[in-house]
file coords-v2.cif (mmCIF, C-alpha atoms and all ligand atoms)
data_entry
loop_
_atom_site.label_atom_id
_atom_site.label_comp_id
_atom_site.auth_asym_id
_atom_site.auth_seq_id
_atom_site.Cartn_x
_atom_site.Cartn_y
_atom_site.Cartn_z
CA MET A 1 0.00 0.00 0.00
CA SER A 2 1.34 3.41 -0.93
CA ASP A 3 1.63 6.43 1.34
CA LEU A 4 -1.63 8.35 0.84
CA LYS A 5 -0.26 11.56 2.31
CA GLY A 6 0.75 14.33 -0.06
CA LYS A 7 -1.17 12.88 -3.00
CA SER A 8 -4.29 14.10 -4.69
CA VAL A 9 -6.31 12.95 -7.69
CA ILE A 10 -6.97 15.50 -10.42
CA ILE A 11 -9.09 15.52 -13.57
CA SER A 12 -6.43 15.75 -16.28
CA GLY A 13 -8.71 15.40 -19.34
CA THR A 14 -12.37 15.26 -20.35
CA GLY A 15 -14.16 13.87 -23.41
CA SER A 16 -17.64 13.08 -24.61
CA TYR A 17 -19.54 11.45 -27.42
CA THR A 18 -23.20 11.73 -28.36
CA PRO A 19 -24.73 9.87 -31.30
CA PRO A 20 -25.63 12.00 -34.34
CA LYS A 21 -29.30 10.99 -34.54
CA ILE A 22 -31.58 13.65 -32.99
CA LEU A 23 -35.08 12.85 -31.71
CA THR A 24 -37.09 16.07 -31.21
CA ASN A 25 -40.16 16.63 -29.04
CA ASP A 26 -42.23 16.89 -32.22
CA ASP A 27 -40.89 13.49 -33.34
CA LEU A 28 -42.08 12.06 -29.99
CA SER A 29 -45.52 13.60 -30.29
CA ALA A 30 -45.96 11.45 -33.41
CA ILE A 31 -45.32 8.31 -31.29
CA VAL A 32 -47.16 9.05 -27.98
CA ASP A 33 -49.82 11.49 -26.75
CA THR A 34 -47.54 14.40 -25.82
CA SER A 35 -46.49 17.81 -27.12
CA ASP A 36 -43.39 19.93 -27.49
CA GLU A 37 -45.02 22.46 -25.14
CA TRP A 38 -45.63 19.90 -22.34
CA ILE A 39 -42.12 18.44 -22.55
CA ARG A 40 -40.40 21.84 -22.69
CA THR A 41 -42.33 23.43 -19.83
CA ARG A 42 -42.29 20.36 -17.52
CA THR A 43 -38.70 19.27 -18.17
CA GLY A 44 -36.73 21.82 -20.25
CA ILE A 45 -35.89 19.12 -22.83
CA ARG A 46 -36.14 20.00 -26.54
CA GLU A 47 -34.37 17.04 -28.12
CA ARG A 48 -32.23 14.05 -27.26
CA ARG A 49 -29.71 11.81 -29.07
CA ILE A 50 -30.49 8.21 -29.97
CA ALA A 51 -27.77 5.62 -30.67
CA ALA A 52 -27.85 3.58 -33.86
CA GLU A 53 -29.29 0.10 -33.45
CA GLU A 54 -25.89 -1.60 -33.67
CA GLU A 55 -24.11 1.06 -31.56
CA THR A 56 -23.45 -0.20 -28.01
CA THR A 57 -22.82 1.53 -24.71
CA SER A 58 -19.15 0.49 -24.90
CA ASP A 59 -18.82 1.96 -28.43
CA MET A 60 -19.96 5.34 -27.10
CA ALA A 61 -17.84 4.95 -23.96
CA ALA A 62 -14.71 4.18 -26.01
CA ASN A 63 -15.30 7.25 -28.22
CA ALA A 64 -15.60 9.52 -25.16
CA ALA A 65 -12.56 7.86 -23.58
CA ARG A 66 -10.35 8.42 -26.64
CA GLU A 67 -11.17 12.12 -26.55
CA ALA A 68 -10.52 12.40 -22.80
CA ILE A 69 -7.13 10.70 -23.21
CA ARG A 70 -6.28 13.00 -26.15
CA ASN A 71 -7.23 16.08 -24.09
CA SER A 72 -5.13 14.90 -21.16
CA GLY A 73 -2.03 14.75 -23.39
CA LEU A 74 -1.46 11.14 -22.33
CA LYS A 75 -1.28 7.95 -24.39
CA ILE A 76 -3.71 5.08 -24.18
CA GLU A 77 -1.02 2.85 -22.66
CA ASP A 78 -0.63 5.30 -19.73
CA ILE A 79 -4.07 4.29 -18.42
CA GLY A 80 -3.94 1.82 -15.49
CA LEU A 81 -7.63 1.36 -14.62
CA ILE A 82 -11.06 1.65 -16.27
CA VAL A 83 -14.28 2.18 -14.34
CA VAL A 84 -17.60 2.63 -16.18
CA GLY A 85 -20.80 3.91 -14.59
CA THR A 86 -23.82 2.53 -16.45
CA VAL A 87 -27.26 0.96 -16.09
CA THR A 88 -27.22 -0.14 -19.73
CA PRO A 89 -24.21 -2.46 -20.04
CA ASP A 90 -23.62 -4.12 -23.42
CA MET A 91 -24.51 -7.43 -21.71
CA PRO A 92 -25.36 -8.51 -18.13
CA PHE A 93 -21.74 -9.69 -18.13
CA PRO A 94 -18.88 -9.31 -19.05
CA ASN A 95 -18.81 -5.76 -17.77
CA THR A 96 -18.80 -2.79 -20.16
CA ALA A 97 -15.34 -1.64 -19.04
CA CYS A 98 -13.85 -4.90 -20.44
CA PHE A 99 -15.37 -4.11 -23.86
CA VAL A 100 -13.95 -0.58 -23.62
CA GLN A 101 -10.51 -1.97 -22.78
CA LYS A 102 -10.62 -4.16 -25.90
CA LYS A 103 -11.88 -1.33 -28.14
CA LEU A 104 -9.13 1.02 -26.93
CA GLY A 105 -6.48 -1.68 -27.43
CA LEU A 106 -5.43 -1.16 -23.82
CA GLY A 107 -3.29 -3.64 -21.85
CA LYS A 108 -4.56 -5.95 -19.13
CA VAL A 109 -5.50 -3.24 -16.63
CA PRO A 110 -8.36 -3.72 -14.13
CA ALA A 111 -11.74 -2.92 -15.66
CA PHE A 112 -15.18 -2.99 -14.06
CA ASP A 113 -18.57 -1.28 -13.93
CA ILE A 114 -20.37 0.59 -11.16
CA GLU A 115 -24.16 0.60 -11.11
CA ALA A 116 -25.56 3.55 -9.17
CA ALA A 117 -27.97 4.81 -11.88
CA CYS A 118 -27.72 8.58 -12.46
CA SER A 119 -25.22 8.92 -9.59
CA GLY A 120 -22.99 6.31 -11.26
CA PHE A 121 -20.36 8.68 -12.62
CA ILE A 122 -19.57 10.28 -9.24
CA TYR A 123 -19.65 6.89 -7.52
CA ALA A 124 -17.26 5.53 -10.19
CA MET A 125 -14.98 8.55 -9.87
CA ASN A 126 -14.66 8.07 -6.12
CA VAL A 127 -14.05 4.32 -6.37
CA ALA A 128 -11.34 4.96 -8.99
CA ARG A 129 -9.80 7.69 -6.83
CA GLY A 130 -9.58 5.31 -3.86
CA LEU A 131 -7.96 2.57 -5.93
CA MET A 132 -5.48 5.00 -7.45
CA LEU A 133 -4.36 6.20 -4.03
CA VAL A 134 -4.21 2.76 -2.42
CA ASN A 135 -2.65 0.90 -5.36
CA ASN A 136 -0.58 3.80 -6.69
CA ILE A 137 -2.22 3.84 -10.13
CA GLN A 138 -0.98 6.92 -11.96
CA HIS A 139 -3.84 7.43 -14.45
CA ALA A 140 -7.39 6.04 -14.69
CA LEU A 141 -10.32 6.35 -17.03
CA VAL A 142 -13.73 7.03 -15.49
CA ILE A 143 -16.64 6.88 -17.91
CA GLY A 144 -20.39 7.42 -17.66
CA ALA A 145 -22.12 5.83 -20.66
CA GLU A 146 -25.71 4.92 -21.42
CA LYS A 147 -27.87 3.56 -24.20
CA LEU A 148 -31.11 4.37 -22.36
CA SER A 149 -33.07 4.05 -25.60
CA SER A 150 -32.58 0.27 -25.20
CA ILE A 151 -34.54 0.21 -21.90
CA THR A 152 -37.05 2.98 -22.68
CA ASN A 153 -40.72 2.04 -22.99
CA TRP A 154 -41.62 3.90 -26.18
CA GLU A 155 -45.33 3.50 -25.38
CA ASP A 156 -45.11 5.24 -21.96
CA ARG A 157 -45.33 9.01 -22.41
CA THR A 158 -44.47 9.62 -18.75
CA THR A 159 -40.93 8.30 -19.24
CA CYS A 160 -40.03 8.04 -22.93
CA VAL A 161 -39.81 11.82 -23.39
CA LEU A 162 -37.10 12.11 -20.74
CA PHE A 163 -34.16 9.96 -21.76
CA GLY A 164 -31.30 10.01 -24.28
CA ASP A 165 -28.07 8.22 -25.18
CA GLY A 166 -24.42 9.27 -24.90
CA ALA A 167 -21.13 8.98 -23.03
CA GLY A 168 -18.73 11.21 -21.14
CA ALA A 169 -15.30 10.42 -19.74
CA VAL A 170 -12.54 11.85 -17.61
CA VAL A 171 -8.93 10.87 -17.11
CA LEU A 172 -7.95 10.98 -13.45
CA SER A 173 -4.27 11.42 -12.56
CA LEU A 174 -2.31 11.27 -9.31
CA ASP A 175 -0.76 14.61 -8.41
CA GLU A 176 1.65 15.80 -5.74
CA ARG A 177 -0.19 19.06 -5.04
CA GLU A 178 -2.61 18.67 -2.15
CA ASP A 179 -4.91 21.64 -2.73
CA ILE A 180 -6.24 20.74 -6.18
CA GLY A 181 -8.21 17.92 -7.75
CA ILE A 182 -11.01 16.01 -6.04
CA LEU A 183 -11.27 17.84 -2.71
CA ASN A 184 -14.30 16.04 -1.33
CA VAL A 185 -16.91 13.44 -2.31
CA GLN A 186 -20.18 12.61 -0.58
CA LEU A 187 -22.12 9.44 -1.48
CA GLY A 188 -25.47 8.20 -0.17
CA ALA A 189 -28.32 5.78 -0.84
CA ASP A 190 -31.82 4.97 0.42
CA GLY A 191 -32.81 1.38 -0.27
CA THR A 192 -36.34 1.88 1.07
CA GLU A 193 -37.28 3.60 -2.22
CA THR A 194 -36.12 0.98 -4.72
CA ASP A 195 -39.54 0.80 -6.38
CA ILE A 196 -40.03 4.44 -7.49
CA LEU A 197 -37.40 4.27 -10.24
CA CYS A 198 -36.35 0.88 -11.56
CA VAL A 199 -36.25 -1.73 -14.31
CA PRO A 200 -38.21 -4.45 -12.47
CA GLY A 201 -37.65 -7.36 -14.87
CA GLY A 202 -34.68 -9.19 -16.33
CA GLY A 203 -32.76 -9.69 -13.08
CA SER A 204 -32.81 -12.59 -10.59
CA ALA A 205 -35.99 -11.26 -8.93
CA SER A 206 -37.93 -11.60 -12.16
CA PRO A 207 -35.99 -13.33 -14.93
CA TYR A 208 -37.14 -12.80 -18.50
CA THR A 209 -40.28 -14.65 -19.53
CA VAL A 210 -42.71 -13.98 -22.35
CA GLU A 211 -44.99 -12.46 -19.71
CA THR A 212 -42.37 -10.06 -18.26
CA ILE A 213 -41.57 -8.89 -21.76
CA GLU A 214 -45.26 -8.44 -22.66
CA ARG A 215 -45.65 -6.33 -19.48
CA SER A 216 -42.54 -4.26 -20.40
CA LEU A 217 -40.90 -5.12 -17.08
CA HIS A 218 -37.47 -4.92 -18.74
CA LYS A 219 -38.05 -1.20 -19.39
CA ILE A 220 -37.73 1.87 -17.13
CA HIS A 221 -40.57 2.35 -14.61
CA MET A 222 -40.74 5.63 -12.71
CA GLN A 223 -43.07 7.48 -10.36
CA GLY A 224 -41.88 10.84 -11.64
CA ASN A 225 -43.36 13.18 -9.06
CA GLN A 226 -42.10 11.02 -6.14
CA VAL A 227 -38.63 11.00 -7.65
CA PHE A 228 -38.83 14.76 -8.19
CA LYS A 229 -39.46 15.50 -4.49
CA HIS A 230 -36.58 13.33 -3.31
CA ALA A 231 -34.29 14.74 -6.00
CA VAL A 232 -34.53 18.34 -4.87
CA ARG A 233 -34.16 17.55 -1.17
CA VAL A 234 -31.30 15.10 -1.46
CA MET A 235 -29.30 16.96 -4.12
CA CYS A 236 -29.45 20.08 -1.97
CA GLN A 237 -28.30 18.17 1.11
CA SER A 238 -25.53 16.41 -0.79
CA ALA A 239 -24.29 19.64 -2.39
CA THR A 240 -24.22 21.46 0.96
CA GLU A 241 -22.38 18.62 2.70
CA VAL A 242 -19.76 18.22 0.01
CA VAL A 243 -19.02 21.95 -0.18
CA GLU A 244 -18.83 22.38 3.60
CA GLY A 245 -16.78 19.19 3.95
CA ALA A 246 -14.22 20.73 1.58
CA GLY A 247 -13.99 23.73 3.90
CA LEU A 248 -15.73 25.99 1.37
CA ARG A 249 -18.95 28.00 1.10
CA THR A 250 -21.40 27.97 -1.80
CA GLU A 251 -20.09 31.46 -2.78
CA ASP A 252 -16.75 29.77 -3.53
CA VAL A 253 -18.29 27.48 -6.15
CA ASP A 254 -17.47 28.71 -9.67
CA LEU A 255 -19.56 26.20 -11.61
CA VAL A 256 -22.20 23.62 -10.71
CA VAL A 257 -22.51 20.64 -13.04
CA PRO A 258 -25.70 18.92 -11.88
CA HIS A 259 -27.26 15.71 -13.13
CA GLN A 260 -29.31 16.76 -16.15
CA ALA A 261 -32.81 15.41 -15.40
CA ASN A 262 -35.14 18.40 -15.32
CA THR A 263 -34.64 22.19 -15.44
CA ARG A 264 -37.21 22.60 -12.66
CA ILE A 265 -35.14 20.37 -10.34
CA ILE A 266 -32.02 22.40 -11.14
CA GLU A 267 -33.85 25.71 -10.57
CA ALA A 268 -35.13 24.49 -7.20
CA LEU A 269 -31.60 23.41 -6.30
CA ALA A 270 -30.21 26.82 -7.32
CA THR A 271 -32.77 28.62 -5.14
CA ARG A 272 -32.11 26.46 -2.10
CA LEU A 273 -28.33 26.69 -2.43
CA ASN A 274 -28.56 30.41 -3.21
CA ILE A 275 -26.36 29.97 -6.28
CA GLY A 276 -27.38 31.94 -9.40
CA MET A 277 -28.49 29.93 -12.45
CA GLU A 278 -25.64 31.54 -14.44
CA ARG A 279 -23.26 29.38 -12.39
CA PHE A 280 -25.04 26.17 -13.46
CA LYS A 281 -24.09 24.18 -16.55
CA ILE A 282 -27.24 23.00 -18.31
CA ASN A 283 -27.39 21.04 -21.55
CA LEU A 284 -30.42 18.82 -20.94
CA ASP A 285 -32.34 20.82 -23.55
CA ARG A 286 -30.20 19.09 -26.20
CA TYR A 287 -29.51 15.68 -24.64
CA GLY A 288 -32.32 14.92 -22.18
CA ASN A 289 -31.48 12.73 -19.20
CA THR A 290 -28.55 10.43 -20.04
CA SER A 291 -28.27 8.96 -16.51
CA ALA A 292 -24.63 8.21 -15.60
CA ALA A 293 -23.42 9.97 -18.76
CA SER A 294 -25.07 13.30 -18.01
CA ILE A 295 -22.49 14.87 -15.69
CA PRO A 296 -19.36 13.92 -17.68
CA ILE A 297 -20.97 15.07 -20.96
CA ALA A 298 -21.89 18.42 -19.37
CA LEU A 299 -18.47 18.70 -17.72
CA ASP A 300 -16.70 18.15 -21.03
CA GLU A 301 -18.93 20.67 -22.79
CA ALA A 302 -18.30 23.25 -20.04
CA TRP A 303 -14.55 22.72 -20.31
CA ARG A 304 -14.57 22.97 -24.13
CA ASN A 305 -16.67 26.16 -23.96
CA GLY A 306 -14.11 27.77 -21.64
CA ARG A 307 -16.40 27.78 -18.62
CA ILE A 308 -13.82 26.03 -16.41
CA GLY A 309 -10.42 27.56 -15.72
CA SER A 310 -7.42 26.66 -13.59
CA GLY A 311 -8.22 26.95 -9.86
CA ASP A 312 -12.00 26.90 -10.38
CA ASN A 313 -14.12 25.03 -7.84
CA VAL A 314 -16.53 22.75 -9.72
CA LEU A 315 -19.42 21.17 -7.85
CA MET A 316 -21.02 18.02 -9.31
CA VAL A 317 -24.21 16.67 -7.82
CA ALA A 318 -26.39 13.76 -8.87
CA PHE A 319 -29.43 11.78 -7.93
CA GLY A 320 -30.95 8.58 -9.32
CA GLY A 321 -32.53 5.16 -8.95
CA GLY A 322 -31.72 3.20 -5.81
CA LEU A 323 -32.26 5.78 -4.55
CA THR A 324 -28.68 6.96 -4.81
CA TRP A 325 -27.12 10.40 -4.63
CA ALA A 326 -23.63 11.85 -4.84
CA GLY A 327 -21.75 15.12 -4.71
CA ALA A 328 -18.16 15.97 -5.63
CA LEU A 329 -16.17 19.16 -5.20
CA VAL A 330 -13.27 19.34 -7.65
CA ARG A 331 -10.70 22.13 -7.98
CA TRP A 332 -9.49 22.31 -11.58
CA PRO A 333 -5.70 21.96 -12.01
O1 LIG B 401 -32.56 10.77 -13.56
C1 LIG B 401 -33.16 10.15 -12.45
C2 LIG B 401 -34.03 11.00 -11.77
N1 LIG B 401 -35.25 11.24 -12.52
C3 LIG B 401 -35.81 12.42 -12.36
O2 LIG B 401 -35.21 13.25 -11.74
C4 LIG B 401 -37.20 12.64 -12.89
C5 LIG B 401 -37.95 13.46 -11.87
N2 LIG B 401 -39.33 13.74 -12.24
C6 LIG B 401 -39.65 14.65 -13.17
O3 LIG B 401 -38.79 15.24 -13.80
C7 LIG B 401 -41.11 14.98 -13.34
O4 LIG B 401 -41.85 14.38 -12.30
C8 LIG B 401 -41.68 14.53 -14.72
C9 LIG B 401 -41.12 15.41 -15.82
C10 LIG B 401 -41.33 13.08 -14.98
C11 LIG B 401 -43.21 14.69 -14.73
O5 LIG B 401 -43.56 16.02 -14.40
P1 LIG B 401 -44.69 16.31 -13.29
O6 LIG B 401 -44.89 17.76 -13.27
O7 LIG B 401 -44.25 15.63 -12.03
O8 LIG B 401 -45.97 15.61 -13.92
P2 LIG B 401 -46.90 14.45 -13.32
O9 LIG B 401 -46.19 13.14 -13.37
O10 LIG B 401 -47.45 14.90 -12.00
O11 LIG B 401 -48.07 14.45 -14.40
C12 LIG B 401 -48.89 15.60 -14.64
C13 LIG B 401 -49.82 15.31 -15.78
C14 LIG B 401 -50.52 13.95 -15.68
O12 LIG B 401 -51.85 14.11 -16.19
P3 LIG B 401 -53.08 14.28 -15.18
O13 LIG B 401 -53.08 13.07 -14.30
O14 LIG B 401 -52.81 15.56 -14.42
O15 LIG B 401 -54.25 14.38 -16.11
C15 LIG B 401 -49.75 13.09 -16.64
O16 LIG B 401 -50.52 12.03 -17.18
O17 LIG B 401 -49.09 15.27 -17.03
C16 LIG B 401 -49.39 14.06 -17.73
N3 LIG B 401 -48.22 13.67 -18.50
C17 LIG B 401 -47.99 14.06 -19.76
N4 LIG B 401 -48.69 14.84 -20.60
C18 LIG B 401 -48.19 15.06 -21.82
C19 LIG B 401 -47.18 12.89 -18.08
N5 LIG B 401 -46.28 12.77 -19.09
C20 LIG B 401 -46.76 13.48 -20.13
C21 LIG B 401 -46.28 13.76 -21.42
N6 LIG B 401 -47.02 14.55 -22.24
N7 LIG B 401 -45.11 13.27 -21.87
#
call {"tool": "encode", "arguments": {"input": "coords-v2.cif", "output": "structure tokens", "more": "lines below"}}
Ligand code: UT7
result
Amino acid sequence: MSDLKGKSVIISGTGSYTPPKILTNDDLSAIVDTSDEWIRTRTGIRERRIAAEEETTSDMAANAAREAIRNSGLKIEDIGLIVVGTVTPDMPFPNTACFVQKKLGLGKVPAFDIEAACSGFIYAMNVARGLMLVNNIQHALVIGAEKLSSITNWEDRTTCVLFGDGAGAVVLSLDEREDIGILNVQLGADGTETDILCVPGGGSASPYTVETIERSLHKIHMQGNQVFKHAVRVMCQSATEVVEGAGLRTEDVDLVVPHQANTRIIEALATRLNIGMERFKINLDRYGNTSAASIPIALDEAWRNGRIGSGDNVLMVAFGGGLTWAGALVRWP
């Protein structure tokens, strides 16, 4: 075990990939009883990306990963660990990270997935950070990638308008400077609410049968307004704890990159935290909710648009099925 003192873990590169096919609100209103007006005013979403039929979660993850590695200035062979956050693995097993390893042509480094729904990216980032410090791994890939279109019930207007496909990635690197990088992470879960957001079929509790498929149990089921209430409360709590735990105040936060589920959730969060909306990164209007991919896609976009500079305090906060939640305070190198 290495000496943990005097080491930090920084984000040394970001990348993202979203499939080219756009599905607009008007396109959806031709499939289910909905309207552009309802979707925009209730969620803020205008369009989302949909992966090609043959395009897998690991294809998108590998594309995002290549870009993150390029932006970090490193080479693929410098990467010593791959962790993927996803609820839509290519297969129940092997894990998606193993497919990514193969597609990148990377050596035999450890590779595994984390399943914490929309909080999956922050969970994955913290697990990778711990392994890097304990096992002295210099550079790691952390990816959030989802093909939610593969588990969306296209006949259920209460859910199908919300989700999209895509992938985002970061390269994490060990650093000697103590006051930069991932300053604090806060993770939580509430297993008493497993039924309000889930895919009930296809696992050991209810293996696939003709009946489970006919009842769409292998698709996303959500009690939207229940999830909404928890989301605002828990994201606010998580954000406050992670900022205070880093010895900072919300005034010190330069940019918030929240999970991109609903503009109304983000506005409620902004009000409660007393952080102006101009300090929030929002791109859900163009991508919808991409679960574990949403924060790293938004983070990469913010970085490419020049919204993150050296020394900036970036707050990430997420909430999802489980229920799970997570916050991270990262100071940009
Ligand atoms: O990423 C993981 C976390 N997930 C979330 O954070 C999602 C959180 N939840 C939400 O974002 C919101 O609850 C939704 C956007 C899903 C729904 O918004 P809402 O304001 O909570 O609406 P509601 O579920 O209370 O439904 C209001 C009405 C209902 O009609 P009635 O019963 O009032 O006649 C729904 O049937 O809106 C109806 N409705 C729709 N109408 C047109 C639900 N979906 C649609 C639709 N188009 N797509």
call {"tool": "residues_around", "arguments": {"input": "coords-v2.cif", "residues": "Val242 in chain A", "least_positions_apart": "2", "cutoff": "10 Å", "atoms": "all atoms listed in the file", "output": "PyMOL selection string"}}
result
chain A and resi 183-187+237-240+244-249+315-317+326-329
call {"tool": "residues_near_ligand", "arguments": {"input": "coords-v2.cif", "ligand": "ligand LIG 401 (chain B)", "cutoff": "8 Å", "atoms": "only C-alpha atoms and all ligand atoms", "output": "ChimeraX atom specification"}}
result
/A:32-35,38-39,42-43,117-118,157-162,197,222-229,231,259-262,264-265,289-291,319-321
call {"tool": "residues_around", "arguments": {"input": "coords-v2.cif", "residues": "Asp26 in chain A", "least_positions_apart": "2", "cutoff": "10 Å", "atoms": "only C-alpha atoms", "output": "MDAnalysis selection string"}}
result
chainID A and resid 23:24 28:31 34:37 39 46:47
call {"tool": "residues_around", "arguments": {"input": "coords-v2.cif", "residues": "Thr194 in chain A", "least_positions_apart": "6", "cutoff": "10 Å", "atoms": "all atoms listed in the file", "output": "compact mmCIF listing (two decimals) with C-alpha atoms, in the frame of the given file"}}
result
# COMPACT_ATOMS: atom_id res chain seq x y z
CA PRO A 200 -38.21 -4.45 -12.47
CA GLY A 321 -32.53 5.16 -8.95
CA GLY A 322 -31.72 3.20 -5.81
CA LEU A 323 -32.26 5.78 -4.55
CA THR A 324 -28.68 6.96 -4.81
call {"tool": "closest_residue", "arguments": {"input": "coords-v2.cif", "among": "A:Ala318, A:Lys103, A:Asn95, A:Gly80", "to": "Ser173 in chain A", "atoms": "only C-alpha atoms"}}
result
A:Gly80
call {"tool": "atom_distance", "arguments": {"input": "coords-v2.cif", "atom1": "CA of Gly105 in chain A", "atom2": "CA of Ile76 in chain A"}}
result
8.0 Å
call {"tool": "closest_residue", "arguments": {"input": "coords-v2.cif", "among": "A:Ile213, A:Arg48, A:Ala169, A:Asp59", "to": "Ala298 in chain A", "atoms": "only C-alpha atoms"}}
result
A:Ala169
call {"tool": "atom_distance", "arguments": {"input": "coords-v2.cif", "atom1": "CA of Ile275 in chain A", "atom2": "CA of Gly311 in chain A"}}
result
18.7 Å
call {"tool": "residues_near_point", "arguments": {"input": "coords-v2.cif", "point": "(-23.5, 5.7, -20.0)", "cutoff": "9 Å", "atoms": "all atoms listed in the file", "output": "PDB file with C-alpha atoms, in the coordinates of the input"}}
result
ATOM      1  CA  THR A  57     -22.820   1.530 -24.710  1.00  0.00           C
ATOM      2  CA  SER A  58     -19.150   0.490 -24.900  1.00  0.00           C
ATOM      3  CA  MET A  60     -19.960   5.340 -27.100  1.00  0.00           C
ATOM      4  CA  ALA A  61     -17.840   4.950 -23.960  1.00  0.00           C
ATOM      5  CA  VAL A  84     -17.600   2.630 -16.180  1.00  0.00           C
ATOM      6  CA  GLY A  85     -20.800   3.910 -14.590  1.00  0.00           C
ATOM      7  CA  THR A  86     -23.820   2.530 -16.450  1.00  0.00           C
ATOM      8  CA  VAL A  87     -27.260   0.960 -16.090  1.00  0.00           C
ATOM      9  CA  THR A  88     -27.220  -0.140 -19.730  1.00  0.00           C
ATOM     10  CA  PRO A  89     -24.210  -2.460 -20.040  1.00  0.00           C
ATOM     11  CA  GLY A 120     -22.990   6.310 -11.260  1.00  0.00           C
ATOM     12  CA  PHE A 121     -20.360   8.680 -12.620  1.00  0.00           C
ATOM     13  CA  ILE A 143     -16.640   6.880 -17.910  1.00  0.00           C
ATOM     14  CA  GLY A 144     -20.390   7.420 -17.660  1.00  0.00           C
ATOM     15  CA  ALA A 145     -22.120   5.830 -20.660  1.00  0.00           C
ATOM     16  CA  GLU A 146     -25.710   4.920 -21.420  1.00  0.00           C
ATOM     17  CA  LYS A 147     -27.870   3.560 -24.200  1.00  0.00           C
ATOM     18  CA  LEU A 148     -31.110   4.370 -22.360  1.00  0.00           C
ATOM     19  CA  ASP A 165     -28.070   8.220 -25.180  1.00  0.00           C
ATOM     20  CA  GLY A 166     -24.420   9.270 -24.900  1.00  0.00           C
ATOM     21  CA  ALA A 167     -21.130   8.980 -23.030  1.00  0.00           C
ATOM     22  CA  GLY A 168     -18.730  11.210 -21.140  1.00  0.00           C
ATOM     23  CA  THR A 290     -28.550  10.430 -20.040  1.00  0.00           C
ATOM     24  CA  SER A 291     -28.270   8.960 -16.510  1.00  0.00           C
ATOM     25  CA  ALA A 292     -24.630   8.210 -15.600  1.00  0.00           C
ATOM     26  CA  ALA A 293     -23.420   9.970 -18.760  1.00  0.00           C
ATOM     27  CA  SER A 294     -25.070  13.300 -18.010  1.00  0.00           C
TER      28      SER A 294
END
